[in-house]
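Raw entry-v7.cif, mmCIF, C-alpha atoms:
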data_entry
#
loop_
_atom_site.label_atom_id
_atom_site.label_comp_id
_atom_site.auth_asym_id
_atom_site.auth_seq_id
_atom_site.Cartn_x
_atom_site.Cartn_y
_atom_site.Cartn_z
CA MET W 22 -76.75 -67.91 -62.14
CA PRO W 23 -74.56 -64.89 -63.02
CA THR W 24 -72.67 -65.08 -66.29
CA ALA W 25 -68.99 -65.88 -65.84
CA ALA W 26 -66.64 -63.02 -66.74
CA PRO W 27 -64.68 -63.60 -69.96
CA LYS W 28 -61.08 -64.70 -69.50
CA THR W 29 -59.88 -63.36 -72.85
CA VAL W 30 -60.85 -60.77 -75.44
CA ARG W 31 -59.69 -60.32 -79.02
CA VAL W 32 -58.85 -56.70 -79.86
CA ALA W 33 -57.96 -54.78 -83.02
CA VAL W 34 -55.96 -51.59 -83.49
CA VAL W 35 -56.53 -49.98 -86.89
CA GLN W 36 -53.49 -48.20 -88.33
CA ALA W 37 -54.94 -46.28 -91.25
CA HIS W 38 -55.34 -42.72 -92.46
CA SER W 39 -58.53 -40.79 -92.91
CA VAL W 40 -59.45 -39.04 -96.17
CA LEU W 41 -58.65 -35.45 -95.28
CA LEU W 42 -61.44 -32.95 -95.99
CA ASP W 43 -63.76 -35.71 -97.25
CA LEU W 44 -66.13 -36.84 -94.50
CA PRO W 45 -68.23 -39.29 -96.61
CA ALA W 46 -65.09 -41.05 -97.90
CA THR W 47 -63.65 -41.25 -94.39
CA LEU W 48 -66.86 -42.75 -93.02
CA ALA W 49 -66.95 -45.31 -95.84
CA LYS W 50 -63.34 -46.28 -95.08
CA ALA W 51 -64.09 -46.57 -91.35
CA ASP W 52 -67.09 -48.80 -92.10
CA MET W 53 -64.94 -51.09 -94.24
CA LEU W 54 -62.16 -51.32 -91.67
CA ILE W 55 -64.55 -51.97 -88.76
CA LYS W 56 -66.18 -54.81 -90.70
CA GLN W 57 -62.75 -56.24 -91.54
CA ALA W 58 -61.64 -56.15 -87.89
CA ALA W 59 -64.92 -57.70 -86.75
CA SER W 60 -64.53 -60.49 -89.32
CA GLU W 61 -61.24 -61.33 -87.58
CA GLY W 62 -63.12 -61.77 -84.30
CA ALA W 63 -62.26 -58.42 -82.67
CA ARG W 64 -64.58 -57.42 -79.81
CA ILE W 65 -62.78 -54.11 -79.18
CA ILE W 66 -61.75 -52.01 -82.19
CA VAL W 67 -59.61 -48.88 -81.80
CA PHE W 68 -59.01 -46.09 -84.34
CA PRO W 69 -56.38 -43.31 -84.33
CA GLU W 70 -56.60 -39.77 -83.03
CA ALA W 71 -58.76 -37.50 -85.21
CA PHE W 72 -59.53 -40.26 -87.72
CA ILE W 73 -62.90 -38.71 -88.56
CA GLY W 74 -62.30 -35.07 -89.32
CA GLY W 75 -58.60 -35.61 -89.96
CA TYR W 76 -55.27 -34.77 -88.40
CA PRO W 77 -54.02 -31.98 -90.72
CA ARG W 78 -50.30 -32.64 -90.29
CA GLY W 79 -48.09 -30.02 -91.88
CA LEU W 80 -50.77 -27.35 -92.31
CA GLY W 81 -50.53 -24.01 -90.54
CA PHE W 82 -53.83 -22.56 -91.76
CA GLY W 83 -52.12 -19.31 -92.75
CA THR W 84 -51.15 -18.36 -89.20
CA ILE W 85 -48.23 -16.39 -87.88
CA VAL W 86 -48.13 -14.54 -84.58
CA GLY W 87 -50.39 -11.52 -84.99
CA SER W 88 -52.24 -12.46 -88.18
CA ARG W 89 -54.27 -15.08 -90.04
CA ALA W 90 -54.20 -15.18 -93.85
CA PRO W 91 -57.51 -15.28 -95.78
CA GLU W 92 -56.55 -18.51 -97.57
CA GLY W 93 -55.82 -20.11 -94.19
CA LYS W 94 -59.23 -19.11 -92.88
CA ALA W 95 -60.82 -20.55 -96.02
CA LEU W 96 -58.99 -23.84 -95.49
CA PHE W 97 -60.11 -23.93 -91.87
CA ALA W 98 -63.71 -23.50 -93.02
CA ARG W 99 -63.29 -26.56 -95.29
CA TYR W 100 -61.75 -28.48 -92.40
CA HIS W 101 -64.61 -27.44 -90.12
CA ASP W 102 -67.11 -28.82 -92.65
CA SER W 103 -65.53 -32.31 -92.37
CA THR W 104 -65.98 -32.51 -88.58
CA VAL W 105 -68.95 -33.97 -86.69
CA ALA W 106 -71.34 -32.99 -83.91
CA VAL W 107 -72.14 -35.18 -80.90
CA PRO W 108 -74.95 -36.19 -80.95
CA GLY W 109 -75.74 -36.16 -84.65
CA PRO W 110 -76.34 -38.34 -87.71
CA VAL W 111 -72.70 -39.42 -88.03
CA ILE W 112 -72.70 -40.59 -84.41
CA ALA W 113 -75.86 -42.59 -85.06
CA GLN W 114 -74.20 -44.11 -88.13
CA LEU W 115 -71.09 -45.12 -86.15
CA GLY W 116 -73.29 -46.65 -83.46
CA GLN W 117 -75.06 -48.70 -86.09
CA VAL W 118 -71.74 -49.96 -87.47
CA ALA W 119 -70.58 -50.91 -83.94
CA ARG W 120 -73.86 -52.77 -83.40
CA GLN W 121 -73.46 -54.68 -86.66
CA ALA W 122 -69.87 -55.53 -85.72
CA LYS W 123 -71.00 -56.61 -82.21
CA ALA W 124 -67.92 -54.83 -80.90
CA HIS W 125 -66.88 -52.01 -78.64
CA LEU W 126 -65.68 -49.22 -80.94
CA VAL W 127 -63.20 -46.53 -79.90
CA MET W 128 -63.14 -43.77 -82.53
CA GLY W 129 -61.03 -40.63 -82.73
CA ILE W 130 -62.97 -37.69 -84.14
CA VAL W 131 -62.71 -33.94 -84.58
CA GLU W 132 -65.83 -32.69 -82.84
CA LYS W 133 -67.89 -29.58 -83.35
CA ASP W 134 -70.03 -28.58 -80.38
CA ALA W 135 -73.64 -29.52 -81.13
CA MET W 136 -74.82 -26.42 -79.25
CA HIS W 137 -72.41 -24.13 -81.13
CA PRO W 138 -71.86 -25.85 -84.51
CA HIS W 139 -69.99 -22.92 -86.07
CA GLY W 140 -67.57 -22.52 -83.18
CA THR W 141 -64.60 -24.22 -81.54
CA LEU W 142 -63.49 -27.71 -82.55
CA TYR W 143 -62.26 -30.42 -80.17
CA CYS W 144 -60.10 -33.53 -80.57
CA THR W 145 -62.25 -36.26 -79.06
CA ILE W 146 -62.42 -39.99 -78.33
CA LEU W 147 -65.82 -41.69 -78.57
CA TYR W 148 -66.67 -45.04 -76.94
CA PHE W 149 -69.48 -47.12 -78.46
CA GLY W 150 -70.88 -50.32 -77.00
CA PRO W 151 -71.64 -53.48 -79.00
CA TYR W 152 -75.35 -52.59 -79.09
CA GLY W 153 -74.59 -49.25 -80.72
CA ALA W 154 -74.97 -46.94 -77.72
CA LEU W 155 -72.51 -44.09 -77.18
CA LEU W 156 -71.05 -44.98 -73.77
CA GLY W 157 -68.57 -42.18 -73.27
CA LYS W 158 -66.69 -39.21 -74.70
CA HIS W 159 -63.38 -37.55 -73.86
CA ARG W 160 -62.14 -34.24 -75.27
CA LYS W 161 -58.38 -33.71 -75.39
CA LEU W 162 -57.44 -31.64 -72.35
CA LYS W 163 -54.46 -29.81 -73.85
CA PRO W 164 -53.87 -29.68 -77.61
CA THR W 165 -50.15 -29.77 -78.35
CA ALA W 166 -48.29 -26.79 -79.81
CA SER W 167 -49.88 -25.68 -83.12
CA GLU W 168 -52.89 -27.93 -82.52
CA ARG W 169 -54.08 -25.10 -80.25
CA ILE W 170 -54.78 -23.04 -83.39
CA ILE W 171 -57.50 -25.45 -84.52
CA TRP W 172 -58.70 -27.26 -81.35
CA GLY W 173 -59.97 -26.04 -78.01
CA GLU W 174 -59.30 -27.55 -74.58
CA GLY W 175 -61.50 -30.24 -73.06
CA GLN W 176 -63.30 -29.29 -69.87
CA MET W 177 -63.93 -32.70 -68.26
CA PRO W 178 -61.47 -35.05 -66.53
CA PRO W 179 -60.97 -38.43 -68.23
CA SER W 180 -63.21 -41.31 -67.22
CA VAL W 181 -63.63 -45.01 -67.92
CA VAL W 182 -66.57 -46.99 -69.29
CA GLU W 183 -67.60 -50.37 -67.97
CA THR W 184 -67.42 -53.32 -70.37
CA GLU W 185 -67.76 -57.05 -69.86
CA PHE W 186 -63.98 -57.27 -70.39
CA GLY W 187 -62.96 -54.61 -67.87
CA ARG W 188 -62.84 -50.86 -67.53
CA LEU W 189 -62.03 -49.11 -70.80
CA GLY W 190 -60.66 -45.58 -71.16
CA GLY W 191 -57.68 -43.57 -72.31
CA LEU W 192 -55.94 -40.35 -73.21
CA ILE W 193 -55.07 -38.74 -76.54
CA CYS W 194 -51.47 -38.35 -77.74
CA TRP W 195 -49.41 -36.10 -75.44
CA GLU W 196 -52.09 -36.10 -72.75
CA ASN W 197 -50.35 -39.37 -71.93
CA TYR W 198 -47.36 -37.33 -70.73
CA MET W 199 -49.58 -35.74 -68.04
CA PRO W 200 -48.95 -37.79 -64.85
CA LEU W 201 -52.06 -36.53 -63.07
CA ALA W 202 -54.30 -37.32 -66.06
CA ARG W 203 -52.94 -40.87 -66.08
CA MET W 204 -53.49 -41.15 -62.34
CA ALA W 205 -57.11 -40.05 -62.80
CA LEU W 206 -57.60 -43.15 -64.97
CA TYR W 207 -55.64 -45.45 -62.68
CA GLN W 208 -57.80 -44.34 -59.75
CA GLN W 209 -60.84 -45.56 -61.68
CA GLY W 210 -59.37 -49.04 -62.05
CA ILE W 211 -58.66 -48.87 -65.78
CA ASP W 212 -57.90 -52.25 -67.36
CA LEU W 213 -57.95 -51.49 -71.09
CA TYR W 214 -56.09 -48.27 -71.81
CA VAL W 215 -56.37 -46.76 -75.32
CA ALA W 216 -53.79 -44.26 -76.56
CA PRO W 217 -54.76 -42.88 -79.98
CA THR W 218 -51.98 -40.58 -81.13
CA ALA W 219 -50.27 -38.66 -83.92
CA ASP W 220 -46.80 -39.23 -82.43
CA ASN W 221 -44.77 -41.47 -84.73
CA ARG W 222 -41.41 -41.13 -83.00
CA GLU W 223 -39.54 -44.12 -81.68
CA SER W 224 -39.58 -42.51 -78.22
CA TRP W 225 -43.38 -42.84 -78.10
CA GLN W 226 -42.90 -46.58 -77.68
CA ALA W 227 -41.21 -45.95 -74.32
CA THR W 228 -44.25 -43.95 -73.21
CA ILE W 229 -46.87 -46.56 -74.02
CA ARG W 230 -44.78 -49.38 -72.55
CA HIS W 231 -44.28 -47.36 -69.38
CA ILE W 232 -48.04 -46.76 -69.07
CA ALA W 233 -48.65 -50.50 -69.32
CA CYS W 234 -46.13 -51.14 -66.53
CA GLU W 235 -47.25 -48.21 -64.40
CA GLY W 236 -50.99 -48.88 -64.65
CA ARG W 237 -50.65 -52.67 -64.95
CA CYS W 238 -53.14 -52.45 -67.79
CA PHE W 239 -53.31 -53.44 -71.44
CA VAL W 240 -52.41 -50.55 -73.75
CA LEU W 241 -53.89 -50.27 -77.24
CA ALA W 242 -51.86 -47.55 -78.97
CA CYS W 243 -53.11 -46.41 -82.37
CA ASN W 244 -51.67 -44.07 -85.00
CA GLN W 245 -52.16 -43.28 -88.67
CA PHE W 246 -49.89 -44.09 -91.58
CA ILE W 247 -50.13 -41.33 -94.17
CA GLU W 248 -48.13 -39.94 -97.09
CA LYS W 249 -48.38 -36.65 -98.98
CA LYS W 250 -50.10 -38.42 -101.88
CA ASP W 251 -52.99 -39.17 -99.53
CA TYR W 252 -53.76 -35.45 -99.20
CA PRO W 253 -56.13 -33.68 -101.60
CA PRO W 254 -54.16 -32.74 -104.75
CA GLU W 255 -54.66 -29.00 -104.26
CA LEU W 256 -53.15 -29.21 -100.76
CA GLN W 257 -50.11 -31.14 -101.93
CA ARG W 258 -48.97 -27.96 -103.69
CA TRP W 259 -49.09 -25.81 -100.52
CA PRO W 260 -45.54 -24.53 -99.80
CA GLU W 261 -45.77 -25.32 -96.07
CA LEU W 262 -46.11 -29.03 -96.82
CA GLN W 263 -42.79 -29.09 -98.64
CA ALA W 264 -40.97 -29.02 -95.29
CA VAL W 265 -42.72 -32.17 -94.03
CA SER W 266 -40.65 -35.32 -94.51
CA GLU W 267 -42.13 -38.45 -96.08
CA PRO W 268 -44.01 -40.36 -94.93
CA PHE W 269 -46.02 -37.71 -93.12
CA CYS W 270 -46.72 -40.21 -90.34
CA ARG W 271 -45.02 -43.64 -90.04
CA GLY W 272 -47.48 -45.24 -87.63
CA GLY W 273 -46.01 -47.20 -84.74
CA SER W 274 -49.28 -48.69 -83.49
CA ALA W 275 -48.94 -51.46 -80.91
CA ILE W 276 -50.76 -53.64 -78.38
CA ILE W 277 -48.96 -54.10 -75.06
CA ASP W 278 -49.62 -56.33 -72.05
CA PRO W 279 -49.59 -55.23 -68.37
CA SER W 280 -45.92 -56.10 -68.00
CA GLY W 281 -44.93 -53.83 -70.88
CA GLU W 282 -44.38 -56.59 -73.46
CA TYR W 283 -45.58 -56.28 -77.05
CA LEU W 284 -48.47 -58.52 -78.08
CA ALA W 285 -48.61 -56.94 -81.55
CA GLY W 286 -46.49 -54.35 -83.31
CA PRO W 287 -45.16 -51.83 -83.42
CA VAL W 288 -46.06 -51.58 -87.11
CA TRP W 289 -44.34 -48.98 -89.27
CA ASP W 290 -44.70 -47.58 -92.79
CA LYS W 291 -47.95 -49.23 -93.84
CA GLU W 292 -51.65 -49.42 -93.13
CA ASP W 293 -52.56 -52.47 -91.10
CA ILE W 294 -54.96 -53.94 -88.56
CA LEU W 295 -53.13 -55.26 -85.49
CA LEU W 296 -54.85 -58.12 -83.67
CA ALA W 297 -54.18 -59.71 -80.30
CA GLU W 298 -55.87 -62.03 -77.83
CA LEU W 299 -55.72 -60.46 -74.36
CA ASP W 300 -55.43 -62.81 -71.37
CA LEU W 301 -57.46 -60.84 -68.83
CA GLU W 302 -56.06 -62.86 -65.92
CA LEU W 303 -52.79 -60.97 -66.47
CA LEU W 304 -54.45 -57.93 -64.89
CA VAL W 305 -54.61 -59.62 -61.49
CA LYS W 306 -51.29 -61.41 -61.88
CA SER W 307 -49.40 -58.22 -62.74
CA ARG W 308 -50.99 -56.22 -59.90
CA PHE W 309 -49.74 -58.81 -57.43
CA ASP W 310 -46.32 -57.29 -58.17
CA PHE W 311 -47.34 -53.64 -58.43
CA ASP W 312 -50.68 -51.92 -57.86
CA VAL W 313 -50.47 -48.18 -58.50
CA THR W 314 -53.67 -47.43 -56.58
CA GLY W 315 -53.34 -50.25 -54.03
CA HIS W 316 -50.29 -51.38 -52.08
CA TYR W 317 -47.99 -48.95 -53.95
CA ALA W 318 -50.26 -45.89 -53.48
CA ARG W 319 -49.02 -44.90 -49.98
CA ARG W 320 -52.11 -42.83 -49.24
CA ASP W 321 -50.66 -42.04 -45.83
CA LEU W 322 -48.07 -39.88 -47.63
CA PHE W 323 -49.72 -38.79 -50.89
CA GLN W 324 -53.14 -37.43 -51.80
CA PHE W 325 -54.76 -37.15 -55.20
CA ALA W 326 -57.98 -35.40 -56.20
CA VAL W 327 -59.83 -34.74 -59.47
CA SER W 328 -61.90 -31.61 -59.87
CA ASP W 329 -65.61 -32.35 -60.05
CA ALA W 330 -66.59 -28.80 -61.00
CA GLN W 331 -67.73 -29.94 -64.44
CA THR W 332 -69.33 -33.26 -63.55
CA LYS W 333 -72.89 -31.92 -63.58
CA LYS W 334 -72.51 -29.91 -66.76
#

Can you present the structure in this file as structure tokens?
Amino acid sequence: MPTAAPKTVRVAVVQAHSVLLDLPATLAKADMLIKQAASEGARIIVFPEAFIGGYPRGLGFGTIVGSRAPEGKALFARYHDSTVAVPGPVIAQLGQVARQAKAHLVMGIVEKDAMHPHGTLYCTILYFGPYGALLGKHRKLKPTASERIIWGEGQMPPSVVETEFGRLGGLICWENYMPLARMALYQQGIDLYVAPTADNRESWQATIRHIACEGRCFVLACNQFIEKKDYPPELQRWPELQAVSEPFCRGGSAIIDPSGEYLAGPVWDKEDILLAELDLELLVKSRFDFDVTGHYARRDLFQFAVSDAQTKK
């Protein structure tokens, strides 16, 4: 007899900051937080954008149009050293932690290309299964504004991974403002939509609630809470950081159901682990009203296509 599909799943969204420029300390913190979420019964655990490797808010790396300062290049080299290759030993370590937690793990990393480890960096989401396997990877398609100084563009369209709880996938930060990128996920029948971000504005809440309503999916939105004191002491003295208001990032993580209602959060101004029990039957119930790729798609009037030029790369 086939195993009955689960009707619920307990999920965790981890609002916490990484230890900038210190990869071992960041990995130790991730390990502790994953174990804590798993001890609360979470079967899906989501971390913020660029948790491993760090989101260097407030730093310009010595750049102005037309030049790059030597001290900025030196800082970028330090930053590069705290990023990780896929595959690699850090990925194996994260897989082992996911296996021990018996949970699906969604981790935001700053990725160095394993084939070109001294080259371009990427802002990436990794998806691990509960047996430790790396199930999927998504590189941010369009870094926002000054992020383009430190991160390159992803080359592959977003995709979902199959889990026993539904199809899991997502977009990073302002990729979620790209209607066609969202539609690429909706077309794949996404059920569990992750939105790791660095956007701590109140207006971001409207975006993630809209995605839940538009895609009729659960949205797990995850951000960091970080203050200047959490930066390395030598960086706290950099003049460019003086213009950044405290806290550097307020958070705003939340878990939202397919009708756009909050199940947990938003949480502001502290580190926290948000937990919620998702009623998976809401996916069908909510799509009775609105199905973005079904009875509301109007394929007789509109067409949508995703480039497959990179699918065999």

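Here the residues that fall within 8 Å of (-61.6, -40.1, -78.9), using only C-alpha atoms, are given as Glu70, Ala71, Val127, Met128, Gly129, Ile130, Cys144, Thr145, Ile146, Leu147, Tyr148, Lys158, His159, Arg160, Lys161, Ile193 and Pro217 of chain W.
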
Residues within 7 Å of range 175-187 of chain W, all atoms listed in the file, excluding chain neighbours under 2 positions, as number ranges by chain:
W: 26-27, 30, 156-157, 159-162, 173, 189-190, 205-206, 209, 211-213, 331

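For the residues W:Ala124, W:Leu262, W:Val86, W:Ala46, ranking by smallest atom-to-atom distance to Gly62 in chain W using all atoms listed in the file places W:Ala124 first.
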
Given only C-alpha atoms as the basis, pick out the residue of W:Asp321, W:Asp310, W:Glu132, W:Glu92 nearest to Val107 in chain W.
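Ranked by minimum distance to Val107 in chain W, first place goes to W:Glu132.
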
Translate the PyMOL selection byres ((chain W and resi 108-123) around 10), as applied to the file shown, into an explicit residue set as a ChimeraX atom specification.
/W:44-45,48,51-53,55-60,62-66,73,104-107,124-128,132-136,147-155

Okay, now the selection with C-alpha atoms, as a PDB file, in the frame of the given file?
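Output file result-v8.pdb is given in full below:
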ATOM      1  CA  LEU W  44     -66.130 -36.840 -94.500  1.00  0.00           C
ATOM      2  CA  PRO W  45     -68.230 -39.290 -96.610  1.00  0.00           C
ATOM      3  CA  LEU W  48     -66.860 -42.750 -93.020  1.00  0.00           C
ATOM      4  CA  ALA W  51     -64.090 -46.570 -91.350  1.00  0.00           C
ATOM      5  CA  ASP W  52     -67.090 -48.800 -92.100  1.00  0.00           C
ATOM      6  CA  MET W  53     -64.940 -51.090 -94.240  1.00  0.00           C
ATOM      7  CA  ILE W  55     -64.550 -51.970 -88.760  1.00  0.00           C
ATOM      8  CA  LYS W  56     -66.180 -54.810 -90.700  1.00  0.00           C
ATOM      9  CA  GLN W  57     -62.750 -56.240 -91.540  1.00  0.00           C
ATOM     10  CA  ALA W  58     -61.640 -56.150 -87.890  1.00  0.00           C
ATOM     11  CA  ALA W  59     -64.920 -57.700 -86.750  1.00  0.00           C
ATOM     12  CA  SER W  60     -64.530 -60.490 -89.320  1.00  0.00           C
ATOM     13  CA  GLY W  62     -63.120 -61.770 -84.300  1.00  0.00           C
ATOM     14  CA  ALA W  63     -62.260 -58.420 -82.670  1.00  0.00           C
ATOM     15  CA  ARG W  64     -64.580 -57.420 -79.810  1.00  0.00           C
ATOM     16  CA  ILE W  65     -62.780 -54.110 -79.180  1.00  0.00           C
ATOM     17  CA  ILE W  66     -61.750 -52.010 -82.190  1.00  0.00           C
ATOM     18  CA  ILE W  73     -62.900 -38.710 -88.560  1.00  0.00           C
ATOM     19  CA  THR W 104     -65.980 -32.510 -88.580  1.00  0.00           C
ATOM     20  CA  VAL W 105     -68.950 -33.970 -86.690  1.00  0.00           C
ATOM     21  CA  ALA W 106     -71.340 -32.990 -83.910  1.00  0.00           C
ATOM     22  CA  VAL W 107     -72.140 -35.180 -80.900  1.00  0.00           C
ATOM     23  CA  ALA W 124     -67.920 -54.830 -80.900  1.00  0.00           C
ATOM     24  CA  HIS W 125     -66.880 -52.010 -78.640  1.00  0.00           C
ATOM     25  CA  LEU W 126     -65.680 -49.220 -80.940  1.00  0.00           C
ATOM     26  CA  VAL W 127     -63.200 -46.530 -79.900  1.00  0.00           C
ATOM     27  CA  MET W 128     -63.140 -43.770 -82.530  1.00  0.00           C
ATOM     28  CA  GLU W 132     -65.830 -32.690 -82.840  1.00  0.00           C
ATOM     29  CA  LYS W 133     -67.890 -29.580 -83.350  1.00  0.00           C
ATOM     30  CA  ASP W 134     -70.030 -28.580 -80.380  1.00  0.00           C
ATOM     31  CA  ALA W 135     -73.640 -29.520 -81.130  1.00  0.00           C
ATOM     32  CA  MET W 136     -74.820 -26.420 -79.250  1.00  0.00           C
ATOM     33  CA  LEU W 147     -65.820 -41.690 -78.570  1.00  0.00           C
ATOM     34  CA  TYR W 148     -66.670 -45.040 -76.940  1.00  0.00           C
ATOM     35  CA  PHE W 149     -69.480 -47.120 -78.460  1.00  0.00           C
ATOM     36  CA  GLY W 150     -70.880 -50.320 -77.000  1.00  0.00           C
ATOM     37  CA  PRO W 151     -71.640 -53.480 -79.000  1.00  0.00           C
ATOM     38  CA  TYR W 152     -75.350 -52.590 -79.090  1.00  0.00           C
ATOM     39  CA  GLY W 153     -74.590 -49.250 -80.720  1.00  0.00           C
ATOM     40  CA  ALA W 154     -74.970 -46.940 -77.720  1.00  0.00           C
ATOM     41  CA  LEU W 155     -72.510 -44.090 -77.180  1.00  0.00           C
TER      42      LEU W 155
END

I would like the residues chosen by the PyMOL selection byres ((chain W and resi 248) around 7) on the shown file; could you give them as a list of chain:residue names?
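When the PyMOL selection byres ((chain W and resi 248) around 7) is applied to the shown file, the picked residues are W:Ile247, W:Lys249, W:Lys250, W:Asp251, W:Glu267, W:Pro268, W:Phe269, W:Cys270.
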
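In terms of minimum interatomic distance to Pro77 in chain W, W:Tyr252 ranks closest within W:Tyr207, W:Tyr252, W:Trp195, W:Phe246, counting only C-alpha atoms.
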
What would the selection look like, as a tab-separated table (two decimals) with C-alpha atoms, in the coordinates of the input, if the PyMOL selection byres ((chain W and resi 99) around 12) were run on the coordinates I just shared?
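What ended up in part-v1.tsv:
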chain	number	residue	atom	x	y	z
W	41	LEU	CA	-58.65	-35.45	-95.28
W	42	LEU	CA	-61.44	-32.95	-95.99
W	43	ASP	CA	-63.76	-35.71	-97.25
W	44	LEU	CA	-66.13	-36.84	-94.50
W	74	GLY	CA	-62.30	-35.07	-89.32
W	75	GLY	CA	-58.60	-35.61	-89.96
W	77	PRO	CA	-54.02	-31.98	-90.72
W	82	PHE	CA	-53.83	-22.56	-91.76
W	92	GLU	CA	-56.55	-18.51	-97.57
W	93	GLY	CA	-55.82	-20.11	-94.19
W	94	LYS	CA	-59.23	-19.11	-92.88
W	95	ALA	CA	-60.82	-20.55	-96.02
W	96	LEU	CA	-58.99	-23.84	-95.49
W	97	PHE	CA	-60.11	-23.93	-91.87
W	98	ALA	CA	-63.71	-23.50	-93.02
W	100	TYR	CA	-61.75	-28.48	-92.40
W	101	HIS	CA	-64.61	-27.44	-90.12
W	102	ASP	CA	-67.11	-28.82	-92.65
W	103	SER	CA	-65.53	-32.31	-92.37
W	104	THR	CA	-65.98	-32.51	-88.58
W	139	HIS	CA	-69.99	-22.92	-86.07
W	253	PRO	CA	-56.13	-33.68	-101.60
W	256	LEU	CA	-53.15	-29.21	-100.76

Would you work out the distance separating CA of Leu301 in chain W from CA of Glu282 in chain W, expressed in Å to one decimal?
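If I compute the distance from CA of Leu301 in chain W to CA of Glu282 in chain W, I get 14.5 Å.
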
One-decimal distance in Å that lies between CA of Gly79 in chain W and CA of Gln263 in chain W:
8.6 Å

With all atoms listed in the file as the atoms that count, which of W:Pro260, W:Pro279, W:Gly140, W:Gly272 lies nearest to Ile171 in chain W?
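The answer is W:Gly140, which sits nearest to Ile171 in chain W.
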
Give me, please, the distance in Å between CA of Leu299 in chain W and CA of Cys238 in chain W, quoted to one decimal.
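It comes out at 10.7 Å.
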
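Counting all atoms listed in the file, Gln245 in chain W has the following residues at most 7 Å away, ignoring those fewer than 5 positions along the same chain: Gln36, Ala37, His38, Pro69, Ala219, Cys270 and Gly272 of chain W.
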
I need every residue sitting at most 7 Å from the point (-46.8, -53.7, -82.8) (coordinates as in the file, only C-alpha atoms considered), written as JSON, numbers by chain.
{"W": [273, 274, 275, 276, 283, 284, 285, 286, 287, 288]}

Quick one: of W:Asn221, W:Leu54, W:Glu168, W:Val40, who's nearest to Pro254 in chain W, counting only C-alpha atoms?
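Ranking W:Asn221, W:Leu54, W:Glu168, W:Val40 by distance to Pro254 in chain W, first place goes to W:Val40.
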
Axis-aligned box for range 69-74 of chain W, 3 Å per side, centre and edges in Å as AutoDock Vina command-line options:
--center_x -59.6 --center_y -39.2 --center_z -86.2 --size_x 12.5 --size_y 14.2 --size_z 12.3

Looking at only C-alpha atoms, which of W:Ser280, W:Asn197, W:Ser266, W:Thr24 is the one that sits closest to Ile229 in chain W?
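Going through W:Ser280, W:Asn197, W:Ser266, W:Thr24 one by one, the smallest distance to Ile229 in chain W is for W:Asn197.
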
Take range 94-106 of chain W, bring it up to N, CA and C atoms, and give me the output as a CSV table (one decimal), in the coordinates of the input.
chain,number,residue,atom,x,y,z
W,94,LYS,N,-57.9,-19.1,-93.4
W,94,LYS,CA,-59.2,-19.1,-92.9
W,94,LYS,C,-60.2,-19.9,-93.8
W,95,ALA,N,-60.0,-19.8,-95.1
W,95,ALA,CA,-60.8,-20.6,-96.0
W,95,ALA,C,-60.6,-22.0,-95.9
W,96,LEU,N,-59.3,-22.4,-95.7
W,96,LEU,CA,-59.0,-23.8,-95.5
W,96,LEU,C,-59.6,-24.3,-94.2
W,97,PHE,N,-59.5,-23.5,-93.1
W,97,PHE,CA,-60.1,-23.9,-91.9
W,97,PHE,C,-61.6,-24.1,-92.0
W,98,ALA,N,-62.3,-23.3,-92.8
W,98,ALA,CA,-63.7,-23.5,-93.0
W,98,ALA,C,-64.0,-24.8,-93.7
W,99,ARG,N,-63.1,-25.2,-94.7
W,99,ARG,CA,-63.3,-26.6,-95.3
W,99,ARG,C,-63.1,-27.7,-94.3
W,100,TYR,N,-62.0,-27.5,-93.4
W,100,TYR,CA,-61.8,-28.5,-92.4
W,100,TYR,C,-62.9,-28.6,-91.4
W,101,HIS,N,-63.5,-27.5,-91.0
W,101,HIS,CA,-64.6,-27.4,-90.1
W,101,HIS,C,-65.8,-28.2,-90.7
W,102,ASP,N,-66.0,-28.1,-92.0
W,102,ASP,CA,-67.1,-28.8,-92.6
W,102,ASP,C,-67.0,-30.3,-92.6
W,103,SER,N,-65.7,-30.9,-92.4
W,103,SER,CA,-65.5,-32.3,-92.4
W,103,SER,C,-65.6,-32.9,-91.0
W,104,THR,N,-65.9,-32.1,-90.0
W,104,THR,CA,-66.0,-32.5,-88.6
W,104,THR,C,-67.4,-32.9,-88.2
W,105,VAL,N,-67.6,-33.4,-87.0
W,105,VAL,CA,-69.0,-34.0,-86.7
W,105,VAL,C,-69.4,-33.5,-85.3
W,106,ALA,N,-70.7,-33.4,-85.2
W,106,ALA,CA,-71.3,-33.0,-83.9
W,106,ALA,C,-71.7,-34.2,-83.1
